[in-house]
file work-v3.pdb (PDB, C-alpha atoms and all ligand atoms)
MODEL        1
ATOM      1  CA  MET W1064      78.051 -22.845 132.898
ATOM      2  CA  ALA W1065      78.605 -19.335 134.140
ATOM      3  CA  ALA W1066      77.014 -16.196 135.537
ATOM      4  CA  ILE W1067      77.904 -12.502 135.521
ATOM      5  CA  GLY W1068      76.351  -9.360 136.984
ATOM      6  CA  THR W1069      76.849  -5.602 136.850
ATOM      7  CA  TRP W1070      78.258  -3.672 139.825
ATOM      8  CA  ALA W1071      79.434  -4.963 143.206
ATOM      9  CA  PHE W1072      75.879  -5.168 144.538
ATOM     10  CA  SER W1073      75.237  -8.051 142.095
ATOM     11  CA  TYR W1074      77.497 -10.306 144.219
ATOM     12  CA  PRO W1075      74.650 -12.011 146.176
ATOM     13  CA  ALA W1076      72.640 -12.375 142.957
ATOM     14  CA  VAL W1077      75.546 -14.041 141.132
ATOM     15  CA  ARG W1078      76.192 -16.306 144.126
ATOM     16  CA  GLN W1079      72.547 -17.351 144.025
ATOM     17  CA  MET W1080      72.788 -17.857 140.260
ATOM     18  CA  LYS W1081      75.787 -20.140 140.721
ATOM     19  CA  ASP W1082      73.834 -22.334 143.180
ATOM     20  CA  LEU W1083      70.756 -22.433 140.954
ATOM     21  CA  ILE W1084      72.791 -23.301 137.859
ATOM     22  CA  LEU W1085      74.629 -26.079 139.682
ATOM     23  CA  SER W1086      71.310 -27.490 140.867
ATOM     24  CA  GLY W1087      70.204 -27.775 137.239
ATOM     25  CA  GLU W1088      67.840 -24.799 136.919
ATOM     26  CA  HIS W1089      67.095 -23.304 133.489
ATOM     27  CA  ALA W1090      68.995 -20.068 132.745
ATOM     28  CA  THR W1091      65.745 -18.081 132.482
ATOM     29  CA  ASP W1092      64.559 -19.223 135.932
ATOM     30  CA  VAL W1093      68.015 -18.441 137.295
ATOM     31  CA  VAL W1094      67.955 -14.898 135.915
ATOM     32  CA  GLU W1095      64.356 -14.218 136.951
ATOM     33  CA  ARG W1096      64.873 -15.404 140.536
ATOM     34  CA  ALA W1097      68.188 -13.632 141.057
ATOM     35  CA  VAL W1098      66.915 -10.340 139.632
ATOM     36  CA  ALA W1099      63.651 -10.529 141.624
ATOM     37  CA  GLU W1100      65.531 -10.842 144.945
ATOM     38  CA  VAL W1101      67.312  -7.569 144.257
ATOM     39  CA  GLU W1102      64.292  -5.807 142.762
ATOM     40  CA  ASP W1103      62.067  -6.578 145.727
ATOM     41  CA  ASP W1104      64.607  -5.533 148.377
ATOM     42  CA  LYS W1105      64.250  -1.899 149.495
ATOM     43  CA  GLU W1106      67.839  -1.949 150.740
ATOM     44  CA  THR W1107      69.238  -2.330 147.227
ATOM     45  CA  GLY W1108      66.842   0.230 145.745
ATOM     46  CA  HIS W1109      69.444   2.964 146.007
ATOM     47  CA  HIS W1110      71.353   1.080 143.302
ATOM     48  CA  ILE W1111      68.561   2.286 141.003
ATOM     49  CA  VAL W1112      66.752  -1.052 140.939
ATOM     50  CA  GLY W1113      63.136  -1.870 141.783
ATOM     51  CA  ARG W1114      61.532  -1.264 145.178
ATOM     52  CA  GLY W1115      63.367   1.460 147.058
ATOM     53  CA  GLY W1116      64.627   3.054 143.823
ATOM     54  CA  PHE W1117      64.450   6.774 143.154
ATOM     55  CA  PRO W1118      61.105   8.046 141.858
ATOM     56  CA  ASN W1119      60.344  10.269 138.898
ATOM     57  CA  SER W1120      59.867  14.041 139.131
ATOM     58  CA  LEU W1121      56.283  13.494 140.375
ATOM     59  CA  GLY W1122      57.431  11.172 143.158
ATOM     60  CA  MET W1123      56.252   7.975 141.440
ATOM     61  CA  LEU W1124      58.540   4.942 141.089
ATOM     62  CA  GLU W1125      58.555   3.818 137.451
ATOM     63  CA  CYS W1126      60.587   0.727 136.591
ATOM     64  CA  ASP W1127      61.984  -0.706 133.354
ATOM     65  CA  ALA W1128      63.002  -4.366 133.007
ATOM     66  CA  ALA W1129      63.627  -6.931 130.287
ATOM     67  CA  ILE W1130      64.603 -10.529 129.743
ATOM     68  CA  MET W1131      65.988 -12.175 126.607
ATOM     69  CA  GLU W1132      66.808 -15.796 125.938
ATOM     70  CA  GLY W1133      69.438 -16.859 123.454
ATOM     71  CA  ARG W1134      66.764 -18.740 121.499
ATOM     72  CA  PRO W1135      65.603 -16.571 118.600
ATOM     73  CA  GLY W1136      62.579 -14.376 119.237
ATOM     74  CA  GLN W1137      62.426 -14.884 122.989
ATOM     75  CA  PHE W1138      62.223 -11.381 124.471
ATOM     76  CA  GLY W1139      59.909  -9.568 126.864
ATOM     77  CA  ALA W1140      60.061  -6.144 128.501
ATOM     78  CA  VAL W1141      58.149  -3.605 130.543
ATOM     79  CA  ALA W1142      58.788   0.097 130.841
ATOM     80  CA  ALA W1143      57.522   2.854 133.142
ATOM     81  CA  LEU W1144      55.775   0.181 135.219
ATOM     82  CA  LYS W1145      54.375   1.454 138.526
ATOM     83  CA  GLY W1146      53.441  -0.446 141.687
ATOM     84  CA  VAL W1147      55.028  -3.856 141.029
ATOM     85  CA  GLY W1148      58.067  -4.883 143.101
ATOM     86  CA  THR W1149      59.383  -7.439 140.605
ATOM     87  CA  PRO W1150      59.254  -5.903 137.111
ATOM     88  CA  CYS W1151      61.573  -8.481 135.519
ATOM     89  CA  LYS W1152      59.069 -11.196 136.467
ATOM     90  CA  VAL W1153      56.428  -9.211 134.568
ATOM     91  CA  ALA W1154      58.847  -8.919 131.619
ATOM     92  CA  ARG W1155      59.130 -12.710 131.565
ATOM     93  CA  LYS W1156      55.342 -12.993 131.474
ATOM     94  CA  VAL W1157      55.332 -10.598 128.513
ATOM     95  CA  MET W1158      57.853 -12.883 126.778
ATOM     96  CA  GLU W1159      55.846 -16.034 127.484
ATOM     97  CA  ASN W1160      52.179 -15.022 127.701
ATOM     98  CA  SER W1161      51.726 -11.950 125.512
ATOM     99  CA  PRO W1162      51.640 -11.563 121.721
ATOM    100  CA  HIS W1163      53.706  -8.403 122.297
ATOM    101  CA  SER W1164      57.322  -7.883 123.324
ATOM    102  CA  LEU W1165      57.293  -4.551 125.186
ATOM    103  CA  LEU W1166      54.486  -3.117 127.313
ATOM    104  CA  VAL W1167      54.648   0.329 128.920
ATOM    105  CA  GLY W1168      52.947   2.362 131.637
ATOM    106  CA  GLU W1169      49.308   1.617 132.384
ATOM    107  CA  GLY W1170      49.224  -1.141 129.766
ATOM    108  CA  ALA W1171      52.134  -2.895 131.454
ATOM    109  CA  GLN W1172      50.436  -2.524 134.842
ATOM    110  CA  GLN W1173      47.118  -3.858 133.496
ATOM    111  CA  PHE W1174      48.939  -6.847 132.005
ATOM    112  CA  ALA W1175      50.706  -7.469 135.314
ATOM    113  CA  VAL W1176      47.348  -7.548 137.126
ATOM    114  CA  GLU W1177      45.975 -10.000 134.547
ATOM    115  CA  GLN W1178      49.010 -12.205 135.204
ATOM    116  CA  GLY W1179      48.342 -12.247 138.947
ATOM    117  CA  PHE W1180      50.734  -9.568 140.197
ATOM    118  CA  THR W1181      49.650  -7.259 143.019
ATOM    119  CA  VAL W1182      49.834  -3.537 142.326
ATOM    120  CA  GLU W1183      50.937  -1.728 145.472
ATOM    121  CA  PRO W1184      50.605   1.929 146.468
ATOM    122  CA  ASN W1185      53.560   4.103 145.524
ATOM    123  CA  ASP W1186      54.464   4.591 149.210
ATOM    124  CA  ASN W1187      55.249   0.871 149.428
ATOM    125  CA  MET W1188      57.633   1.217 146.512
ATOM    126  CA  LEU W1189      59.803   3.913 148.102
ATOM    127  CA  SER W1190      62.315   3.460 150.926
ATOM    128  CA  ASP W1191      62.927   6.074 153.624
ATOM    129  CA  ARG W1192      66.104   6.877 151.746
ATOM    130  CA  SER W1193      64.489   7.350 148.326
ATOM    131  CA  ALA W1194      61.521   9.288 149.795
ATOM    132  CA  SER W1195      63.922  11.620 151.575
ATOM    133  CA  ALA W1196      66.056  12.010 148.426
ATOM    134  CA  TYR W1197      62.881  12.989 146.599
ATOM    135  CA  GLN W1198      62.150  15.680 149.199
ATOM    136  CA  ASP W1199      65.691  16.977 148.687
ATOM    137  CA  PHE W1200      65.058  16.991 144.943
ATOM    138  CA  LEU W1201      61.895  19.061 145.449
ATOM    139  CA  GLU W1202      63.860  21.452 147.643
ATOM    140  CA  LYS W1203      66.597  21.544 144.974
ATOM    141  CA  LYS W1204      69.138  20.009 147.376
ATOM    142  CA  SER W1205      69.405  16.638 145.663
ATOM    143  CA  LYS W1206      72.814  15.252 144.831
ATOM    144  CA  VAL W1207      71.625  11.835 143.618
ATOM    145  CA  ARG W1208      73.316  10.798 140.417
ATOM    146  CA  GLY W1209      74.082   7.497 138.774
ATOM    147  CA  HIS W1210      72.544   4.791 136.665
ATOM    148  CA  ASP W1211      73.451   1.584 138.443
ATOM    149  CA  THR W1212      71.015  -0.869 136.738
ATOM    150  CA  LEU W1213      71.189  -4.574 137.514
ATOM    151  CA  GLY W1214      72.161  -6.683 134.502
ATOM    152  CA  VAL W1215      72.826 -10.418 134.824
ATOM    153  CA  ILE W1216      73.560 -13.234 132.379
ATOM    154  CA  ALA W1217      73.268 -16.964 133.111
ATOM    155  CA  LEU W1218      74.590 -19.920 131.093
ATOM    156  CA  ASP W1219      73.095 -23.117 132.473
ATOM    157  CA  LEU W1220      74.243 -26.753 132.520
ATOM    158  CA  LYS W1221      72.335 -27.525 129.318
ATOM    159  CA  GLY W1222      73.811 -24.574 127.419
ATOM    160  CA  ASN W1223      70.823 -22.232 127.622
ATOM    161  CA  ILE W1224      71.788 -18.570 127.931
ATOM    162  CA  THR W1225      69.527 -15.783 129.252
ATOM    163  CA  VAL W1226      70.130 -12.130 130.086
ATOM    164  CA  GLY W1227      67.952  -9.943 132.331
ATOM    165  CA  VAL W1228      68.064  -6.283 133.322
ATOM    166  CA  SER W1229      66.121  -4.141 135.776
ATOM    167  CA  THR W1230      66.217  -0.470 136.738
ATOM    168  CA  SER W1231      64.149   2.309 138.240
ATOM    169  CA  GLY W1232      65.846   4.565 135.681
ATOM    170  CA  ALA W1233      67.341   8.006 136.005
ATOM    171  CA  PRO W1234      66.493   9.506 139.418
ATOM    172  CA  PHE W1235      63.722  12.139 139.243
ATOM    173  CA  LYS W1236      63.310  11.574 135.502
ATOM    174  CA  SER W1237      60.418  12.973 133.499
ATOM    175  CA  PRO W1238      57.327  10.794 133.877
ATOM    176  CA  GLY W1239      57.273   8.262 131.048
ATOM    177  CA  ARG W1240      61.025   8.443 130.433
ATOM    178  CA  VAL W1241      62.354   5.055 129.282
ATOM    179  CA  GLY W1242      66.055   4.205 129.289
ATOM    180  CA  ASP W1243      68.135   1.640 127.420
ATOM    181  CA  SER W1244      67.353  -1.294 129.704
ATOM    182  CA  PRO W1245      64.086  -2.576 128.182
ATOM    183  CA  LEU W1246      65.237  -1.975 124.586
ATOM    184  CA  PRO W1247      66.625  -5.064 122.819
ATOM    185  CA  GLY W1248      70.133  -4.523 121.489
ATOM    186  CA  CYS W1249      70.611  -1.509 123.764
ATOM    187  CA  GLY W1250      70.259  -2.700 127.387
ATOM    188  CA  LEU W1251      70.614  -6.385 126.562
ATOM    189  CA  PHE W1252      71.008  -8.932 123.787
ATOM    190  CA  ALA W1253      71.418 -12.705 123.583
ATOM    191  CA  ASP W1254      72.126 -15.197 120.803
ATOM    192  CA  HIS W1255      72.336 -18.898 121.729
ATOM    193  CA  THR W1256      75.024 -19.498 119.106
ATOM    194  CA  VAL W1257      77.267 -16.784 120.491
ATOM    195  CA  GLY W1258      76.538 -15.427 123.983
ATOM    196  CA  ALA W1259      74.906 -12.410 125.574
ATOM    197  CA  ALA W1260      75.635  -8.882 126.755
ATOM    198  CA  ALA W1261      74.097  -6.236 128.999
ATOM    199  CA  ALA W1262      74.670  -2.525 129.523
ATOM    200  CA  THR W1263      74.454  -0.175 132.485
ATOM    201  CA  GLY W1264      74.863   3.578 132.670
ATOM    202  CA  ASP W1265      73.229   6.614 131.124
ATOM    203  CA  GLY W1266      70.365   5.035 129.212
ATOM    204  CA  ASP W1267      69.388   8.189 127.353
ATOM    205  CA  LYS W1268      72.780   8.048 125.651
ATOM    206  CA  ILE W1269      73.339   4.269 125.615
ATOM    207  CA  MET W1270      70.230   3.669 123.515
ATOM    208  CA  CYS W1271      71.770   5.708 120.677
ATOM    209  CA  TYR W1272      74.515   3.079 120.168
ATOM    210  CA  CYS W1273      72.874  -0.385 120.488
ATOM    211  CA  PRO W1274      75.972  -1.566 122.393
ATOM    212  CA  SER W1275      74.656  -4.932 123.594
ATOM    213  CA  PHE W1276      73.820  -6.032 120.049
ATOM    214  CA  HIS W1277      77.196  -4.753 118.877
ATOM    215  CA  VAL W1278      79.059  -6.744 121.567
ATOM    216  CA  VAL W1279      77.256  -9.962 120.591
ATOM    217  CA  GLN W1280      77.900  -9.350 116.873
ATOM    218  CA  LEU W1281      81.613  -8.921 117.554
ATOM    219  CA  MET W1282      81.675 -12.147 119.571
ATOM    220  CA  LYS W1283      79.956 -13.817 116.611
ATOM    221  CA  GLN W1284      82.810 -12.612 114.420
ATOM    222  CA  GLY W1285      85.387 -14.163 116.771
ATOM    223  CA  SER W1286      86.104 -11.602 119.486
ATOM    224  CA  THR W1287      86.347 -12.750 123.092
ATOM    225  CA  PRO W1288      83.798 -11.156 125.464
ATOM    226  CA  SER W1289      86.492  -8.830 126.801
ATOM    227  CA  GLU W1290      87.683  -7.822 123.336
ATOM    228  CA  ALA W1291      84.101  -7.233 122.167
ATOM    229  CA  CYS W1292      83.239  -5.024 125.156
ATOM    230  CA  HIS W1293      86.420  -2.984 124.702
ATOM    231  CA  ILE W1294      85.926  -2.543 120.947
ATOM    232  CA  VAL W1295      82.366  -1.285 121.502
ATOM    233  CA  LEU W1296      83.451   1.072 124.285
ATOM    234  CA  THR W1297      86.305   2.433 122.151
ATOM    235  CA  ASP W1298      83.934   2.944 119.233
ATOM    236  CA  ILE W1299      81.540   4.939 121.440
ATOM    237  CA  MET W1300      84.353   6.926 123.018
ATOM    238  CA  THR W1301      85.737   7.782 119.597
ATOM    239  CA  LYS W1302      82.348   9.121 118.565
ATOM    240  CA  THR W1303      81.749  11.079 121.789
ATOM    241  CA  GLU W1304      85.335  12.316 122.403
ATOM    242  CA  PRO W1305      87.072  10.263 125.111
ATOM    243  CA  ASP W1306      86.967  12.907 127.846
ATOM    244  CA  LYS W1307      83.272  13.626 127.302
ATOM    245  CA  CYS W1308      82.005  10.041 127.233
ATOM    246  CA  PHE W1309      78.850   9.374 129.195
ATOM    247  CA  GLU W1310      78.642   6.657 131.856
ATOM    248  CA  ILE W1311      78.476   3.201 130.307
ATOM    249  CA  GLY W1312      79.441  -0.247 131.580
ATOM    250  CA  LEU W1313      79.216  -3.424 129.494
ATOM    251  CA  ILE W1314      79.304  -7.076 130.524
ATOM    252  CA  ALA W1315      79.392 -10.103 128.227
ATOM    253  CA  LEU W1316      79.414 -13.883 128.468
ATOM    254  CA  ASN W1317      79.993 -16.348 125.627
ATOM    255  CA  MET W1318      78.858 -19.947 125.202
ATOM    256  CA  LYS W1319      82.237 -21.208 126.503
ATOM    257  CA  GLY W1320      81.543 -19.456 129.824
ATOM    258  CA  GLU W1321      84.169 -16.774 129.212
ATOM    259  CA  VAL W1322      83.305 -13.310 130.555
ATOM    260  CA  GLY W1323      84.355  -9.762 129.771
ATOM    261  CA  ALA W1324      83.583  -6.169 130.663
ATOM    262  CA  ALA W1325      84.494  -2.617 129.690
ATOM    263  CA  SER W1326      83.414   0.764 130.963
ATOM    264  CA  SER W1327      83.900   4.491 130.696
ATOM    265  CA  VAL W1328      83.967   4.725 134.517
ATOM    266  CA  GLU W1329      85.344   2.530 137.282
ATOM    267  CA  PHE W1330      83.049  -0.462 137.056
ATOM    268  CA  PRO W1331      82.951  -3.328 139.560
ATOM    269  CA  TYR W1332      81.260  -6.507 138.343
ATOM    270  CA  THR W1333      80.942 -10.045 139.635
ATOM    271  CA  PHE W1334      81.107 -13.398 137.866
ATOM    272  CA  TRP W1335      81.465 -17.096 138.282
ATOM    273  CA  ASN W1336      82.334 -19.895 135.853
ATOM    274  CA  GLN W1337      83.598 -23.461 135.938
ATOM    275  CA  SER W1338      87.183 -22.272 136.537
ATOM    276  CA  TYR W1339      86.298 -21.043 140.024
ATOM    277  CA  ASP W1340      84.710 -22.391 143.185
ATOM    278  CA  ALA W1341      83.692 -18.955 144.422
ATOM    279  CA  VAL W1342      82.110 -15.911 142.811
ATOM    280  CA  GLN W1343      84.785 -13.445 141.673
ATOM    281  CA  GLU W1344      84.670  -9.676 142.176
ATOM    282  CA  CYS W1345      86.512  -7.630 139.546
ATOM    283  CA  THR W1346      86.829  -3.946 138.844
ATOM    284  CA  GLN W1347      87.104  -2.645 135.328
ATOM    285  CA  LEU W1348      89.046   0.630 135.510
ATOM    286  CA  SER W1349      87.969   3.498 133.308
ATOM    287  CA  PRO W1350      90.231   3.964 130.269
ATOM    288  CA  SER W1351      93.026   6.496 130.884
TER
HETATM  289  N1  LIG W1401      70.617   2.364 132.269
HETATM  290  C1  LIG W1401      69.417   2.606 132.939
HETATM  291  C2  LIG W1401      68.726   3.837 132.571
HETATM  292  O1  LIG W1401      69.352   4.813 132.196
HETATM  293  O2  LIG W1401      67.520   3.864 132.676
ENDMDL
END
call {"tool": "encode", "arguments": {"input": "work-v3.pdb", "output": "structure tokens", "more": "lines below"}}
Ligand code: GLY
result
Amino acid sequence: MAAIGTWAFSYPAVRQMKDLILSGEHATDVVERAVAEVEDDKETGHHIVGRGGFPNSLGMLECDAAIMEGRPGQFGAVAALKGVGTPCKVARKVMENSPHSLLVGEGAQQFAVEQGFTVEPNDNMLSDRSASAYQDFLEKKSKVRGHDTLGVIALDLKGNITVGVSTSGAPFKSPGRVGDSPLPGCGLFADHTVGAAAATGDGDKIMCYCPSFHVVQLMKQGSTPSEACHIVLTDIMTKTEPDKCFEIGLIALNMKGEVGAASSVEFPYTFWNQSYDAVQECTQLSPS
């Protein structure tokens, strides 16, 4: 049993995941509940996740989210979804109640309504902070950068593994822009015989490398989670030239509960497994 999350702001989510896992919850419920808490909280929106995130260039919040179980074929995602505070919950509904795997834009919103979600006005989706950042963007004063993205992985008491990701995407992006997060193999991947991985960072670039699939394949071939993340990062950095690498952070968890991470930038992440009573905070330094 174990849990891991991207960035320092995942600490409360991973703590919640630990409690849920220890109380016997299924990994998918653990991931969905922990991600939803963050998504629906305006205060964490400035980490580029859910409600309170930064809108697109037209001022509309458009979210991407996905969930994947280790069991083969269990994947659901939404992209460019407007007006729903918990997009990863909608992604789970896509996985369980739709013949499709990825729904986007108005189709994703229509599906969410059919599944009982409330679609809220865009004003409800922005925080004072993100609305004001948007005004600065319009006045060409904006300094907002970053691609925080929440990615979490849970391994439950029965050995089920699930990974979930959620993001409001690149601040002030073009309407309809989709990043790596809802794309299987790019933003996330899971295999119940091996483990799972998730990515955070510049999704326009990350999606060109399928890093989450690559990490899981390397673990399948015998690498530890840490080794796999570092090999994938090194491979990308070799292709992009080390000093020009885009922002990417990777986390991984295997079926033994071992965790690993690698990143092109300083990358705090949080995890817990059976070796520890408390959730651990670690920082992966960028390669020198
Ligand atoms: N990694 C999140 C995004 O670029 O959309």
call {"tool": "closest_residue", "arguments": {"input": "work-v3.pdb", "among": "W:Pro1184, W:Pro1075, W:Pro1150, W:Gly1312", "to": "Ile1299 of chain W", "atoms": "all atoms listed in the file"}}
result
W:Gly1312
call {"tool": "resolve_selection", "arguments": {"input": "work-v3.pdb", "expression": "the PyMOL selection byres (((not hetatm)) within 6 of (chain W and resi 1401))", "output": "mmCIF file with C-alpha atoms, in the frame of the given file"}}
result
data_model
loop_
_atom_site.group_PDB
_atom_site.id
_atom_site.type_symbol
_atom_site.label_atom_id
_atom_site.label_comp_id
_atom_site.auth_asym_id
_atom_site.auth_seq_id
_atom_site.Cartn_x
_atom_site.Cartn_y
_atom_site.Cartn_z
ATOM 1 C CA HIS W 1210 72.544 4.791 136.665
ATOM 2 C CA THR W 1212 71.015 -0.869 136.738
ATOM 3 C CA THR W 1230 66.217 -0.470 136.738
ATOM 4 C CA GLY W 1232 65.846 4.565 135.681
ATOM 5 C CA ALA W 1233 67.341 8.006 136.005
ATOM 6 C CA GLY W 1242 66.055 4.205 129.289
ATOM 7 C CA ASP W 1243 68.135 1.640 127.420
ATOM 8 C CA SER W 1244 67.353 -1.294 129.704
ATOM 9 C CA THR W 1263 74.454 -0.175 132.485
ATOM 10 C CA GLY W 1264 74.863 3.578 132.670
ATOM 11 C CA ASP W 1265 73.229 6.614 131.124
ATOM 12 C CA GLY W 1266 70.365 5.035 129.212
ATOM 13 C CA ASP W 1267 69.388 8.189 127.353
#
call {"tool": "closest_residue", "arguments": {"input": "work-v3.pdb", "among": "W:Val1257, W:Met1318, W:Leu1189, W:Ala1341", "to": "Asp1219 of chain W", "atoms": "only C-alpha atoms"}}
result
W:Met1318
call {"tool": "atom_distance", "arguments": {"input": "work-v3.pdb", "atom1": "atom CA of His1110 of chain W", "atom2": "atom CA of Ile1130 of chain W"}}
result
19.1 Å
call {"tool": "resolve_selection", "arguments": {"input": "work-v3.pdb", "expression": "the PyMOL selection byres (((chain W and resi 1101-1104) around 6) and not hetatm)", "output": "ChimeraX atom specification"}}
result
/W:1098-1100,1105-1107,1112-1114,1148-1149
call {"tool": "write_last_selection", "arguments": {"input": "work-v3.pdb", "atoms": "C-alpha atoms", "output": "compact mmCIF listing (two decimals), in the coordinates of the input"}}
result
# COMPACT_ATOMS: atom_id res chain seq x y z
CA VAL W 1098 66.92 -10.34 139.63
CA ALA W 1099 63.65 -10.53 141.62
CA GLU W 1100 65.53 -10.84 144.94
CA LYS W 1105 64.25 -1.90 149.50
CA GLU W 1106 67.84 -1.95 150.74
CA THR W 1107 69.24 -2.33 147.23
CA VAL W 1112 66.75 -1.05 140.94
CA GLY W 1113 63.14 -1.87 141.78
CA ARG W 1114 61.53 -1.26 145.18
CA GLY W 1148 58.07 -4.88 143.10
CA THR W 1149 59.38 -7.44 140.60
call {"tool": "atom_distance", "arguments": {"input": "work-v3.pdb", "atom1": "atom CA of Ile1084 of chain W", "atom2": "atom CA of Leu1166 of chain W"}}
result
29.2 Å
call {"tool": "residues_around", "arguments": {"input": "work-v3.pdb", "residues": "Arg1096 of chain W", "least_positions_apart": "5", "cutoff": "10 Å", "atoms": "only C-alpha atoms", "output": "PDB file with C-alpha atoms, in the coordinates of the input"}}
result
ATOM      1  CA  ALA W1076      72.640 -12.375 142.957  1.00  0.00           C
ATOM      2  CA  GLN W1079      72.547 -17.351 144.025  1.00  0.00           C
ATOM      3  CA  MET W1080      72.788 -17.857 140.260  1.00  0.00           C
ATOM      4  CA  LEU W1083      70.756 -22.433 140.954  1.00  0.00           C
ATOM      5  CA  ALA W1090      68.995 -20.068 132.745  1.00  0.00           C
ATOM      6  CA  THR W1091      65.745 -18.081 132.482  1.00  0.00           C
ATOM      7  CA  VAL W1101      67.312  -7.569 144.257  1.00  0.00           C
ATOM      8  CA  GLU W1102      64.292  -5.807 142.762  1.00  0.00           C
ATOM      9  CA  THR W1149      59.383  -7.439 140.605  1.00  0.00           C
ATOM     10  CA  CYS W1151      61.573  -8.481 135.519  1.00  0.00           C
ATOM     11  CA  LYS W1152      59.069 -11.196 136.467  1.00  0.00           C
TER      12      LYS W1152
END
call {"tool": "closest_atom_pairs", "arguments": {"input": "work-v3.pdb", "of": "segment 1225-1301 of chain W", "to": "segment 1192-1204 of chain W", "cutoff": "12 Å", "atoms": "all atoms listed in the file", "output": "tab-separated table"}}
result
residue	atom	partner	partner_atom	distance
W:Ser1231	CA	W:Ser1193	CA	11.3
W:Pro1234	CA	W:Tyr1197	CA	8.8
W:Phe1235	CA	W:Tyr1197	CA	7.5
W:Lys1236	CA	W:Phe1200	CA	11.0
call {"tool": "resolve_selection", "arguments": {"input": "work-v3.pdb", "expression": "the PyMOL selection byres (((chain W and resi 1278) around 8) and not hetatm)", "output": "PyMOL selection string"}}
result
chain W and resi 1260+1274-1277+1279-1282+1288+1291-1292+1295+1315
call {"tool": "closest_residue", "arguments": {"input": "work-v3.pdb", "among": "W:Thr1287, W:Thr1301, W:Asn1336, W:Gln1343", "to": "Leu1220 of chain W", "atoms": "all atoms listed in the file"}}
result
W:Asn1336
call {"tool": "residues_around", "arguments": {"input": "work-v3.pdb", "residues": "segment 1135-1140 of chain W", "least_positions_apart": "2", "cutoff": "9 Å", "atoms": "all atoms listed in the file", "output": "tab-separated table (two decimals) with C-alpha atoms, keeping the file's coordinate frame"}}
result
chain	number	residue	atom	x	y	z
W	1127	ASP	CA	61.98	-0.71	133.35
W	1128	ALA	CA	63.00	-4.37	133.01
W	1129	ALA	CA	63.63	-6.93	130.29
W	1130	ILE	CA	64.60	-10.53	129.74
W	1131	MET	CA	65.99	-12.18	126.61
W	1132	GLU	CA	66.81	-15.80	125.94
W	1133	GLY	CA	69.44	-16.86	123.45
W	1142	ALA	CA	58.79	0.10	130.84
W	1150	PRO	CA	59.25	-5.90	137.11
W	1151	CYS	CA	61.57	-8.48	135.52
W	1153	VAL	CA	56.43	-9.21	134.57
W	1154	ALA	CA	58.85	-8.92	131.62
W	1155	ARG	CA	59.13	-12.71	131.56
W	1156	LYS	CA	55.34	-12.99	131.47
W	1157	VAL	CA	55.33	-10.60	128.51
W	1158	MET	CA	57.85	-12.88	126.78
W	1159	GLU	CA	55.85	-16.03	127.48
W	1161	SER	CA	51.73	-11.95	125.51
W	1163	HIS	CA	53.71	-8.40	122.30
W	1164	SER	CA	57.32	-7.88	123.32
W	1165	LEU	CA	57.29	-4.55	125.19
W	1166	LEU	CA	54.49	-3.12	127.31
W	1167	VAL	CA	54.65	0.33	128.92
W	1244	SER	CA	67.35	-1.29	129.70
W	1245	PRO	CA	64.09	-2.58	128.18
W	1246	LEU	CA	65.24	-1.98	124.59
W	1247	PRO	CA	66.62	-5.06	122.82
W	1253	ALA	CA	71.42	-12.70	123.58
W	1254	ASP	CA	72.13	-15.20	120.80
W	1255	HIS	CA	72.34	-18.90	121.73
call {"tool": "closest_residue", "arguments": {"input": "work-v3.pdb", "among": "W:Thr1069, W:Ser1229, W:Asn1160, W:Asn1185", "to": "Ile1111 of chain W", "atoms": "only C-alpha atoms"}}
result
W:Ser1229
call {"tool": "axis_aligned_box", "arguments": {"input": "work-v3.pdb", "around": "segment 1171-1175 of chain W", "padding_each_side": "6 Å", "output": "lines of an AutoDock Vina configuration file"}}
result
center_x = 49.6
center_y = -5.0
center_z = 133.4
size_x = 17.0
size_y = 16.9
size_z = 15.9
call {"tool": "atom_distance", "arguments": {"input": "work-v3.pdb", "atom1": "atom CA of Ala1071 of chain W", "atom2": "atom CA of Thr1303 of chain W"}}
result
26.9 Å
call {"tool": "closest_residue", "arguments": {"input": "work-v3.pdb", "among": "W:Gly1250, W:Glu1344, W:His1293, W:Met1270", "to": "Leu1213 of chain W", "atoms": "only C-alpha atoms"}}
result
W:Gly1250
call {"tool": "residues_around", "arguments": {"input": "work-v3.pdb", "residues": "Val1328 of chain W", "least_positions_apart": "4", "cutoff": "12 Å", "atoms": "all atoms listed in the file", "output": "PyMOL selection string"}}
result
chain W and resi 1070+1209-1211+1263-1265+1296+1300+1305-1313+1324+1346-1351
call {"tool": "decode", "arguments": {"input": "work-v3.pdb", "residues": "segment 1302-1316 of chain W", "atoms": "C-alpha atoms", "output": "CSV table (one decimal), in the first residue's frame"}}
result
chain,number,residue,atom,x,y,z
W,1302,LYS,CA,16.9,14.8,-27.3
W,1303,THR,CA,16.1,18.4,-26.3
W,1304,GLU,CA,19.6,19.5,-25.2
W,1305,PRO,CA,20.0,19.5,-21.4
W,1306,ASP,CA,20.0,23.3,-21.0
W,1307,LYS,CA,17.0,23.8,-23.1
W,1308,CYS,CA,14.7,21.1,-21.6
W,1309,PHE,CA,11.2,22.1,-21.0
W,1310,GLU,CA,9.5,21.8,-17.5
W,1311,ILE,CA,8.7,18.1,-16.7
W,1312,GLY,CA,8.3,16.3,-13.5
W,1313,LEU,CA,7.6,12.5,-13.2
W,1314,ILE,CA,6.4,10.4,-10.3
W,1315,ALA,CA,6.1,6.6,-10.2
W,1316,LEU,CA,5.0,3.9,-7.9
